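Pasting query.cif here (mmCIF, C-alpha atoms):
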data_work
loop_
_atom_site.group_PDB
_atom_site.id
_atom_site.type_symbol
_atom_site.label_atom_id
_atom_site.label_comp_id
_atom_site.auth_asym_id
_atom_site.auth_seq_id
_atom_site.Cartn_x
_atom_site.Cartn_y
_atom_site.Cartn_z
ATOM 1 C CA MET A 1 0.000 0.000 0.000
ATOM 2 C CA LYS A 2 1.303 3.432 -0.965
ATOM 3 C CA PHE A 3 0.529 6.598 0.968
ATOM 4 C CA TYR A 4 0.766 10.245 -0.001
ATOM 5 C CA VAL A 5 1.196 13.546 1.813
ATOM 6 C CA LEU A 6 -1.519 16.090 1.013
ATOM 7 C CA GLU A 7 -0.150 19.574 0.279
ATOM 8 C CA PRO A 8 -1.382 22.651 -1.610
ATOM 9 C CA GLU A 9 -0.598 22.632 -5.324
ATOM 10 C CA ARG A 10 3.056 23.570 -5.897
ATOM 11 C CA GLY A 11 3.475 23.651 -2.117
ATOM 12 C CA GLU A 12 2.230 27.240 -1.906
ATOM 13 C CA LEU A 13 0.182 27.617 1.259
ATOM 14 C CA PHE A 14 -0.291 31.353 0.653
ATOM 15 C CA GLY A 15 0.228 31.468 -3.104
ATOM 16 C CA THR A 16 -1.597 33.435 -5.804
ATOM 17 C CA LYS A 17 -2.949 30.682 -8.083
ATOM 18 C CA TRP A 18 -5.445 29.443 -5.480
ATOM 19 C CA ALA A 19 -7.325 31.321 -2.769
ATOM 20 C CA TYR A 20 -6.394 30.731 0.850
ATOM 21 C CA ALA A 21 -8.451 31.555 3.940
ATOM 22 C CA ASP A 22 -7.957 33.775 6.981
ATOM 23 C CA LYS A 23 -10.066 33.590 10.132
ATOM 24 C CA VAL A 24 -12.340 36.562 10.808
ATOM 25 C CA ASP A 25 -13.281 37.777 14.304
ATOM 26 C CA PRO A 26 -14.777 36.684 16.566
ATOM 27 C CA VAL A 27 -12.309 33.782 16.729
ATOM 28 C CA VAL A 28 -13.029 31.431 19.619
ATOM 29 C CA ILE A 29 -10.384 28.859 20.515
ATOM 30 C CA SER A 30 -11.071 26.024 22.944
ATOM 31 C CA GLU A 31 -8.691 25.014 25.714
ATOM 32 C CA LYS A 32 -9.074 21.436 24.477
ATOM 33 C CA ALA A 33 -7.068 19.896 21.635
ATOM 34 C CA GLU A 34 -8.498 17.937 18.714
ATOM 35 C CA ASP A 35 -7.005 14.660 20.037
ATOM 36 C CA TYR A 36 -5.117 13.255 23.001
ATOM 37 C CA CYS A 37 -2.712 10.356 23.229
ATOM 38 C CA PRO A 38 -4.494 7.390 24.886
ATOM 39 C CA VAL A 39 -1.224 6.308 26.539
ATOM 40 C CA CYS A 40 0.383 9.466 27.957
ATOM 41 C CA GLY A 41 -2.615 11.817 27.759
ATOM 42 C CA ARG A 42 -0.758 14.603 25.966
ATOM 43 C CA PRO A 43 -2.566 16.700 23.320
ATOM 44 C CA VAL A 44 -1.575 15.622 19.816
ATOM 45 C CA GLY A 45 -3.450 18.177 17.717
ATOM 46 C CA MET A 46 -3.965 21.904 17.650
ATOM 47 C CA LEU A 47 -6.476 23.551 19.958
ATOM 48 C CA LYS A 48 -10.017 23.388 18.588
ATOM 49 C CA TRP A 49 -11.424 26.342 16.719
ATOM 50 C CA LEU A 50 -15.014 26.784 17.931
ATOM 51 C CA PRO A 51 -18.030 28.309 16.123
ATOM 52 C CA PRO A 52 -18.688 30.715 14.563
ATOM 53 C CA TYR A 53 -16.428 29.664 11.668
ATOM 54 C CA ARG A 54 -16.074 32.937 9.759
ATOM 55 C CA VAL A 55 -13.379 33.409 7.100
ATOM 56 C CA LYS A 56 -12.094 35.684 4.384
ATOM 57 C CA LEU A 57 -10.948 34.198 1.071
ATOM 58 C CA SER A 58 -7.890 35.870 -0.425
ATOM 59 C CA SER A 59 -9.374 36.122 -3.924
ATOM 60 C CA ALA A 60 -12.745 37.027 -5.460
ATOM 61 C CA LYS A 61 -11.876 35.281 -8.738
ATOM 62 C CA PRO A 62 -13.877 32.052 -9.204
ATOM 63 C CA GLU A 63 -10.999 30.337 -11.010
ATOM 64 C CA ARG A 64 -9.015 30.576 -7.768
ATOM 65 C CA TRP A 65 -11.591 28.818 -5.596
ATOM 66 C CA GLY A 66 -10.173 25.334 -5.161
ATOM 67 C CA ASP A 67 -11.682 22.179 -3.687
ATOM 68 C CA PHE A 68 -9.054 22.339 -0.949
ATOM 69 C CA VAL A 69 -8.524 25.632 0.889
ATOM 70 C CA TRP A 70 -5.565 26.148 3.194
ATOM 71 C CA GLY A 71 -4.688 28.791 5.746
ATOM 72 C CA ALA A 72 -3.248 29.398 9.208
ATOM 73 C CA GLY A 73 -4.730 28.117 12.451
ATOM 74 C CA PHE A 74 -6.863 25.315 11.031
ATOM 75 C CA THR A 75 -6.184 21.958 9.388
ATOM 76 C CA LEU A 76 -8.040 22.247 6.095
ATOM 77 C CA MET A 77 -11.227 23.470 4.423
ATOM 78 C CA VAL A 78 -12.933 21.598 1.583
ATOM 79 C CA SER A 79 -15.628 22.450 -0.947
ATOM 80 C CA GLU A 80 -19.202 21.185 -1.094
ATOM 81 C CA ARG A 81 -18.141 19.388 -4.278
ATOM 82 C CA PHE A 82 -15.423 17.506 -2.403
ATOM 83 C CA LYS A 83 -17.840 16.632 0.408
ATOM 84 C CA GLN A 84 -20.316 15.136 -2.053
ATOM 85 C CA ILE A 85 -17.577 13.157 -3.812
ATOM 86 C CA TYR A 86 -16.138 11.963 -0.486
ATOM 87 C CA GLU A 87 -19.544 10.637 0.569
ATOM 88 C CA ARG A 88 -20.395 9.172 -2.846
ATOM 89 C CA GLU A 89 -17.081 7.318 -3.045
ATOM 90 C CA GLU A 90 -17.431 6.183 0.588
ATOM 91 C CA LEU A 91 -14.020 7.443 1.652
ATOM 92 C CA LYS A 92 -13.091 7.330 5.334
ATOM 93 C CA GLY A 93 -11.097 9.420 7.783
ATOM 94 C CA ILE A 94 -12.945 12.728 8.202
ATOM 95 C CA LYS A 95 -14.636 12.922 11.586
ATOM 96 C CA ARG A 96 -16.781 15.974 10.862
ATOM 97 C CA PHE A 97 -17.640 18.591 8.256
ATOM 98 C CA GLU A 98 -18.450 22.003 9.759
ATOM 99 C CA PRO A 99 -19.993 24.660 7.448
ATOM 100 C CA VAL A 100 -17.906 27.819 7.141
ATOM 101 C CA GLU A 101 -19.350 31.305 6.621
ATOM 102 C CA ILE A 102 -17.446 33.330 4.043
ATOM 103 C CA VAL A 103 -17.835 36.974 4.999
ATOM 104 C CA ARG A 104 -15.256 38.562 2.697
ATOM 105 C CA VAL A 105 -13.420 37.735 -0.522
ATOM 106 C CA GLY A 106 -10.387 39.589 -1.818
ATOM 107 C CA THR A 107 -10.754 43.348 -1.305
ATOM 108 C CA ARG A 108 -14.564 43.301 -1.416
ATOM 109 C CA LYS A 109 -16.401 44.719 1.563
ATOM 110 C CA THR A 110 -18.370 42.527 3.949
ATOM 111 C CA GLY A 111 -21.641 41.448 2.364
ATOM 112 C CA ASP A 112 -20.533 42.291 -1.173
ATOM 113 C CA LEU A 113 -20.015 38.659 -2.153
ATOM 114 C CA PRO A 114 -19.847 37.399 -5.746
ATOM 115 C CA LEU A 115 -22.469 35.072 -7.185
ATOM 116 C CA GLY A 116 -21.632 31.389 -7.306
ATOM 117 C CA LEU A 117 -19.440 31.434 -4.213
ATOM 118 C CA PRO A 118 -18.972 27.776 -3.198
ATOM 119 C CA THR A 119 -19.859 26.371 0.192
ATOM 120 C CA TYR A 120 -16.840 25.333 2.242
ATOM 121 C CA TYR A 121 -16.454 23.082 5.254
ATOM 122 C CA LEU A 122 -13.875 22.927 8.008
ATOM 123 C CA ILE A 123 -12.845 19.289 8.472
ATOM 124 C CA GLU A 124 -11.434 17.307 11.379
ATOM 125 C CA ILE A 125 -9.235 14.379 10.385
ATOM 126 C CA VAL A 126 -8.637 11.088 12.189
ATOM 127 C CA TRP A 127 -5.411 10.960 14.209
ATOM 128 C CA GLY A 128 -3.654 7.622 14.578
ATOM 129 C CA GLY A 129 -4.783 6.119 11.261
ATOM 130 C CA ALA A 130 -1.379 4.453 11.040
ATOM 131 C CA ASN A 131 1.978 4.452 12.818
ATOM 132 C CA ARG A 132 5.131 5.923 11.368
ATOM 133 C CA ASP A 133 8.232 3.728 11.229
ATOM 134 C CA ASP A 134 10.766 6.117 12.752
ATOM 135 C CA ILE A 135 13.819 4.082 11.750
ATOM 136 C CA ALA A 136 12.756 3.623 8.123
ATOM 137 C CA SER A 137 11.838 7.327 7.998
ATOM 138 C CA LYS A 138 15.407 8.176 9.119
ATOM 139 C CA ILE A 139 14.306 10.535 11.873
ATOM 140 C CA VAL A 140 17.050 12.513 13.593
ATOM 141 C CA TRP A 141 16.023 13.505 17.109
ATOM 142 C CA LYS A 142 17.361 16.474 19.019
ATOM 143 C CA ARG A 143 15.293 15.273 21.967
ATOM 144 C CA GLU A 144 14.048 11.706 22.173
ATOM 145 C CA PRO A 145 10.304 11.325 22.965
ATOM 146 C CA THR A 146 9.289 9.861 26.300
ATOM 147 C CA CYS A 147 6.065 8.299 24.966
ATOM 148 C CA SER A 148 6.764 5.618 22.375
ATOM 149 C CA TYR A 149 3.116 5.613 21.262
ATOM 150 C CA CYS A 150 2.533 9.232 20.169
ATOM 151 C CA ARG A 151 6.132 10.624 20.329
ATOM 152 C CA ILE A 152 4.555 14.063 20.535
ATOM 153 C CA ASP A 153 7.064 15.399 23.063
ATOM 154 C CA GLY A 154 10.058 14.477 20.913
ATOM 155 C CA TYR A 155 11.965 17.156 19.006
ATOM 156 C CA LYS A 156 12.846 16.226 15.427
ATOM 157 C CA ILE A 157 15.442 18.124 13.429
ATOM 158 C CA LYS A 158 15.283 16.003 10.275
ATOM 159 C CA PHE A 159 13.593 13.085 8.562
ATOM 160 C CA GLU A 160 13.828 11.527 5.108
ATOM 161 C CA GLY A 161 10.405 10.222 4.179
ATOM 162 C CA ILE A 162 7.280 9.179 6.047
ATOM 163 C CA VAL A 163 7.289 5.396 6.018
ATOM 164 C CA ILE A 164 4.246 3.678 7.510
ATOM 165 C CA GLU A 165 4.850 0.696 9.790
ATOM 166 C CA GLU A 166 3.642 -2.473 8.120
ATOM 167 C CA GLY A 167 0.288 -3.633 9.487
ATOM 168 C CA SER A 168 -0.443 -0.391 11.380
ATOM 169 C CA TRP A 169 -2.811 1.225 8.858
ATOM 170 C CA THR A 170 -6.438 1.143 10.042
ATOM 171 C CA GLY A 171 -7.954 1.453 6.556
ATOM 172 C CA VAL A 172 -8.877 5.163 6.592
ATOM 173 C CA ASP A 173 -8.281 7.192 3.430
ATOM 174 C CA ILE A 174 -7.235 10.494 5.015
ATOM 175 C CA PHE A 175 -5.508 10.662 8.389
ATOM 176 C CA LYS A 176 -2.662 11.834 10.572
ATOM 177 C CA ALA A 177 -0.191 9.150 11.586
ATOM 178 C CA ARG A 178 1.286 8.576 15.016
ATOM 179 C CA GLY A 179 4.777 10.038 14.874
ATOM 180 C CA ALA A 180 3.854 12.412 12.025
ATOM 181 C CA PRO A 181 1.239 14.800 13.462
ATOM 182 C CA GLY A 182 2.149 17.700 11.198
ATOM 183 C CA GLN A 183 1.286 16.071 7.873
ATOM 184 C CA ILE A 184 -2.004 14.919 6.331
ATOM 185 C CA LEU A 185 -1.656 11.468 4.772
ATOM 186 C CA VAL A 186 -3.970 9.845 2.241
ATOM 187 C CA SER A 187 -4.398 6.412 0.708
ATOM 188 C CA GLU A 188 -4.034 5.248 -2.889
ATOM 189 C CA ARG A 189 -7.824 5.172 -3.043
ATOM 190 C CA PHE A 190 -7.978 8.863 -2.081
ATOM 191 C CA LYS A 191 -5.443 9.675 -4.810
ATOM 192 C CA GLU A 192 -7.547 7.800 -7.387
ATOM 193 C CA VAL A 193 -10.610 9.848 -6.397
ATOM 194 C CA VAL A 194 -8.684 13.144 -6.645
ATOM 195 C CA GLU A 195 -7.540 12.238 -10.154
ATOM 196 C CA LYS A 196 -10.913 10.840 -11.264
ATOM 197 C CA TYR A 197 -12.765 14.068 -10.456
ATOM 198 C CA GLY A 198 -9.956 16.557 -11.092
ATOM 199 C CA LEU A 199 -10.094 18.060 -7.609
ATOM 200 C CA LYS A 200 -8.319 21.411 -7.423
ATOM 201 C CA ASN A 201 -5.484 22.835 -5.317
ATOM 202 C CA VAL A 202 -3.902 19.592 -4.233
ATOM 203 C CA TRP A 203 -0.452 18.032 -4.560
ATOM 204 C CA LEU A 204 -0.094 14.396 -3.539
ATOM 205 C CA ILE A 205 3.526 13.627 -2.723
ATOM 206 C CA PRO A 206 4.606 9.986 -2.233
ATOM 207 C CA ALA A 207 5.047 9.769 1.546
ATOM 208 C CA GLU A 208 8.419 8.033 1.284
ATOM 209 C CA LYS A 209 9.680 11.028 -0.753
ATOM 210 C CA TYR A 210 8.568 13.674 1.758
ATOM 211 C CA GLY A 211 11.549 15.076 3.653
ATOM 212 C CA TRP A 212 11.831 17.727 6.339
ATOM 213 C CA GLU A 213 14.800 19.496 7.907
ATOM 214 C CA GLU A 214 14.940 22.200 10.546
ATOM 215 C CA GLY A 215 16.503 25.395 9.215
ATOM 216 C CA ARG A 216 15.898 24.506 5.579
ATOM 217 C CA PRO A 217 13.965 27.161 3.610
ATOM 218 C CA GLY A 218 10.368 26.020 3.536
ATOM 219 C CA LEU A 219 11.318 23.198 5.950
ATOM 220 C CA TRP A 220 9.894 20.353 3.838
ATOM 221 C CA TYR A 221 11.109 19.158 0.443
ATOM 222 C CA VAL A 222 10.670 16.300 -2.010
ATOM 223 C CA LEU A 223 13.409 13.703 -1.971
ATOM 224 C CA PRO A 224 14.947 12.704 -5.340
#
Let me see whether you can do it: turn the structure in this file into structure tokens.
Amino acid sequence: MKFYVLEPERGELFGTKWAYADKVDPVVISEKAEDYCPVCGRPVGMLKWLPPYRVKLSSAKPERWGDFVWGAGFTLMVSERFKQIYEREELKGIKRFEPVEIVRVGTRKTGDLPLGLPTYYLIEIVWGGANRDDIASKIVWKREPTCSYCRIDGYKIKFEGIVIEEGSWTGVDIFKARGAPGQILVSERFKEVVEKYGLKNVWLIPAEKYGWEEGRPGLWYVLP
């Protein structure tokens, strides 16, 4: 089974080809995280963003409204089109779809929204859908983790690939792996669906080719 890391097209989180999203006040953040390690009890995800989910899209041009929308302070937003395809194809791994209210686009004033603006959803993704093989992924630790299950308190300075431990995958199509909380991973089945429907603003990088190094410009890179 092959796995892929989900990134914005061309790796541009705040690029110009596709719109990205910014939170709009009031922004309410919970004291609770999205997930907790069942062994050590530490939080393994970011703190939850609570309703109301209000955002501004960076562009008012329809050709820049992708099926995947990225930004700061949240995992990922997806289009109504993606949600329908996800459900039709019976993919697994998204715990919830929360409707997002778009209150501004580009430089337009609040309420002056263009026709045909798509509906977007904030999604929460399964954590622990597989376990990363730290040795095969060539992780270099500055500080070794104390919990061998989540490894969330460890301090990595480099890794060369995200290799999934054989037999650890639970069968979900989109997930975060134990030992790799910062990346969204997807299955071959997910990749087939993306290609079948031509979903926009997505780059699927073979997980074993996804490298990361502290101090490197952009931090992550694609291995040759």
Selection under test: the PyMOL selection byres ((chain A and resi 130) around 9); residues as a list in words: Trp127, Gly128, Gly129, Asn131, Arg132, Ile164, Glu165, Gly167, Ser168, Trp169, Thr170, Gly171, Val172, Phe175, Lys176, Ala177 and Arg178 of chain A
Separation of CA of Tyr210 (chain A) from CA of Tyr120 (chain A), in Å and rounded to one decimal: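 Spanning CA of Tyr210 (chain A) to CA of Tyr120 (chain A) is a straight-line distance of 28.0 Å.
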Resolved residues for the PyMOL selection byres ((chain A and resi 83) around 12) as a VMD selection string: chain A and resid 67 to 68 77 to 82 84 to 92 94 96 to 99 118 to 123 199
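Between CA of Val55 (chain A) and CA of Ile102 (chain A) there is a distance of 5.1 Å.
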Spatial neighbours of Glu63 (chain A), max dist 12 Å, only C-alpha atoms, sep filter under 5 positions, as a ChimeraX atom specification: /A:16-19,116-118,200-201
Separation of CA of Trp220 (chain A) from CA of Val202 (chain A) in Å: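 Distance reported for this atom pair: 16.0 Å.
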Selection dump of the PyMOL selection byres ((chain A and resi 30-47) around 12), as a PyMOL selection string: chain A and resi 27-29+48-51+72-75+95-96+123-128+145-154+176-184
For the selection you just gave me, I'd like the residues written to a file as a CSV table (one decimal), in the coordinates of the input, keeping C-alpha atoms.
chain,number,residue,atom,x,y,z
A,27,VAL,CA,-12.3,33.8,16.7
A,28,VAL,CA,-13.0,31.4,19.6
A,29,ILE,CA,-10.4,28.9,20.5
A,48,LYS,CA,-10.0,23.4,18.6
A,49,TRP,CA,-11.4,26.3,16.7
A,50,LEU,CA,-15.0,26.8,17.9
A,51,PRO,CA,-18.0,28.3,16.1
A,72,ALA,CA,-3.2,29.4,9.2
A,73,GLY,CA,-4.7,28.1,12.5
A,74,PHE,CA,-6.9,25.3,11.0
A,75,THR,CA,-6.2,22.0,9.4
A,95,LYS,CA,-14.6,12.9,11.6
A,96,ARG,CA,-16.8,16.0,10.9
A,123,ILE,CA,-12.8,19.3,8.5
A,124,GLU,CA,-11.4,17.3,11.4
A,125,ILE,CA,-9.2,14.4,10.4
A,126,VAL,CA,-8.6,11.1,12.2
A,127,TRP,CA,-5.4,11.0,14.2
A,128,GLY,CA,-3.7,7.6,14.6
A,145,PRO,CA,10.3,11.3,23.0
A,146,THR,CA,9.3,9.9,26.3
A,147,CYS,CA,6.1,8.3,25.0
A,148,SER,CA,6.8,5.6,22.4
A,149,TYR,CA,3.1,5.6,21.3
A,150,CYS,CA,2.5,9.2,20.2
A,151,ARG,CA,6.1,10.6,20.3
A,152,ILE,CA,4.6,14.1,20.5
A,153,ASP,CA,7.1,15.4,23.1
A,154,GLY,CA,10.1,14.5,20.9
A,176,LYS,CA,-2.7,11.8,10.6
A,177,ALA,CA,-0.2,9.2,11.6
A,178,ARG,CA,1.3,8.6,15.0
A,179,GLY,CA,4.8,10.0,14.9
A,180,ALA,CA,3.9,12.4,12.0
A,181,PRO,CA,1.2,14.8,13.5
A,182,GLY,CA,2.1,17.7,11.2
A,183,GLN,CA,1.3,16.1,7.9
A,184,ILE,CA,-2.0,14.9,6.3
Proximity to Tyr20 (chain A) - best of A:Ile135, A:Leu76, A:Val103, A:Ile162, all atoms listed in the file: A:Leu76
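Considering only C-alpha atoms, the residue among A:Ile205, A:Pro114, A:Arg10, A:Pro26 positioned nearest to Ser59 (chain A) is A:Pro114.
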Best match for closeness to Trp70 (chain A) among A:Arg216, A:Lys196, A:Lys142, A:Lys56, counting all atoms listed in the file: A:Lys56
Counting all atoms listed in the file, the option among A:Asp22, A:Val100, A:Leu6, A:Gly93 closest to Ala207 (chain A):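 Among A:Asp22, A:Val100, A:Leu6, A:Gly93, it is A:Leu6 that comes nearest to Ala207 (chain A).
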Pick from A:Tyr197, A:Tyr221, A:Phe190, A:Trp203 nearest to Pro8 (chain A), counting only C-alpha atoms: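 When distances to Pro8 (chain A) are compared using only C-alpha atoms, the smallest one comes from A:Trp203.
Nearest to Tyr155 (chain A) of all the residues A:Tyr53, A:Glu213, A:Arg64, A:Val194 is A:Glu213, counting all atoms listed in the file.
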N, CA, C and O atoms of region 63-81 of chain A from block above, as a CSV table (one decimal), in the first residue's frame:
chain,number,residue,atom,x,y,z
A,63,GLU,N,-12.0,31.3,-10.6
A,63,GLU,CA,-11.0,30.3,-11.0
A,63,GLU,C,-10.0,30.0,-9.9
A,63,GLU,O,-9.2,29.1,-10.1
A,64,ARG,N,-10.0,30.8,-8.9
A,64,ARG,CA,-9.0,30.6,-7.8
A,64,ARG,C,-9.7,29.9,-6.6
A,64,ARG,O,-9.0,29.7,-5.5
A,65,TRP,N,-10.9,29.5,-6.7
A,65,TRP,CA,-11.6,28.8,-5.6
A,65,TRP,C,-11.4,27.3,-5.8
A,65,TRP,O,-12.1,26.7,-6.5
A,66,GLY,N,-10.5,26.7,-5.0
A,66,GLY,CA,-10.2,25.3,-5.2
A,66,GLY,C,-11.1,24.5,-4.3
A,66,GLY,O,-11.9,24.9,-3.6
A,67,ASP,N,-10.9,23.1,-4.5
A,67,ASP,CA,-11.7,22.2,-3.7
A,67,ASP,C,-11.0,22.0,-2.3
A,67,ASP,O,-11.7,21.6,-1.4
A,68,PHE,N,-9.8,22.3,-2.2
A,68,PHE,CA,-9.1,22.3,-0.9
A,68,PHE,C,-8.6,23.8,-0.7
A,68,PHE,O,-8.0,24.4,-1.5
A,69,VAL,N,-8.9,24.3,0.5
A,69,VAL,CA,-8.5,25.6,0.9
A,69,VAL,C,-7.7,25.6,2.2
A,69,VAL,O,-8.1,25.0,3.2
A,70,TRP,N,-6.5,26.2,2.1
A,70,TRP,CA,-5.6,26.1,3.2
A,70,TRP,C,-5.5,27.5,3.9
A,70,TRP,O,-5.9,28.5,3.4
A,71,GLY,N,-4.9,27.5,5.0
A,71,GLY,CA,-4.7,28.8,5.7
A,71,GLY,C,-4.0,28.5,7.1
A,71,GLY,O,-3.5,27.4,7.3
A,72,ALA,N,-3.9,29.5,7.9
A,72,ALA,CA,-3.2,29.4,9.2
A,72,ALA,C,-4.3,29.2,10.3
A,72,ALA,O,-5.3,29.8,10.3
A,73,GLY,N,-3.9,28.3,11.3
A,73,GLY,CA,-4.7,28.1,12.5
A,73,GLY,C,-5.8,27.1,12.3
A,73,GLY,O,-6.7,27.0,13.2
A,74,PHE,N,-5.9,26.4,11.2
A,74,PHE,CA,-6.9,25.3,11.0
A,74,PHE,C,-6.2,24.3,10.1
A,74,PHE,O,-5.3,24.5,9.4
A,75,THR,N,-6.8,23.1,10.2
A,75,THR,CA,-6.2,22.0,9.4
A,75,THR,C,-6.4,22.1,7.9
A,75,THR,O,-5.5,22.1,7.1
A,76,LEU,N,-7.7,22.2,7.5
A,76,LEU,CA,-8.0,22.2,6.1
A,76,LEU,C,-9.5,22.5,5.9
A,76,LEU,O,-10.3,22.1,6.7
A,77,MET,N,-9.8,23.3,4.8
A,77,MET,CA,-11.2,23.5,4.4
A,77,MET,C,-11.4,22.8,3.1
A,77,MET,O,-10.5,22.7,2.3
A,78,VAL,N,-12.6,22.3,2.8
A,78,VAL,CA,-12.9,21.6,1.6
A,78,VAL,C,-14.3,22.1,1.0
A,78,VAL,O,-15.1,22.6,1.8
A,79,SER,N,-14.4,22.0,-0.3
A,79,SER,CA,-15.6,22.4,-0.9
A,79,SER,C,-16.8,21.5,-0.8
A,79,SER,O,-16.6,20.3,-0.4
A,80,GLU,N,-18.0,22.0,-1.1
A,80,GLU,CA,-19.2,21.2,-1.1
A,80,GLU,C,-19.0,20.1,-2.1
A,80,GLU,O,-19.5,18.9,-1.9
A,81,ARG,N,-18.4,20.4,-3.2
A,81,ARG,CA,-18.1,19.4,-4.3
A,81,ARG,C,-17.3,18.2,-3.7
A,81,ARG,O,-17.6,17.1,-4.0
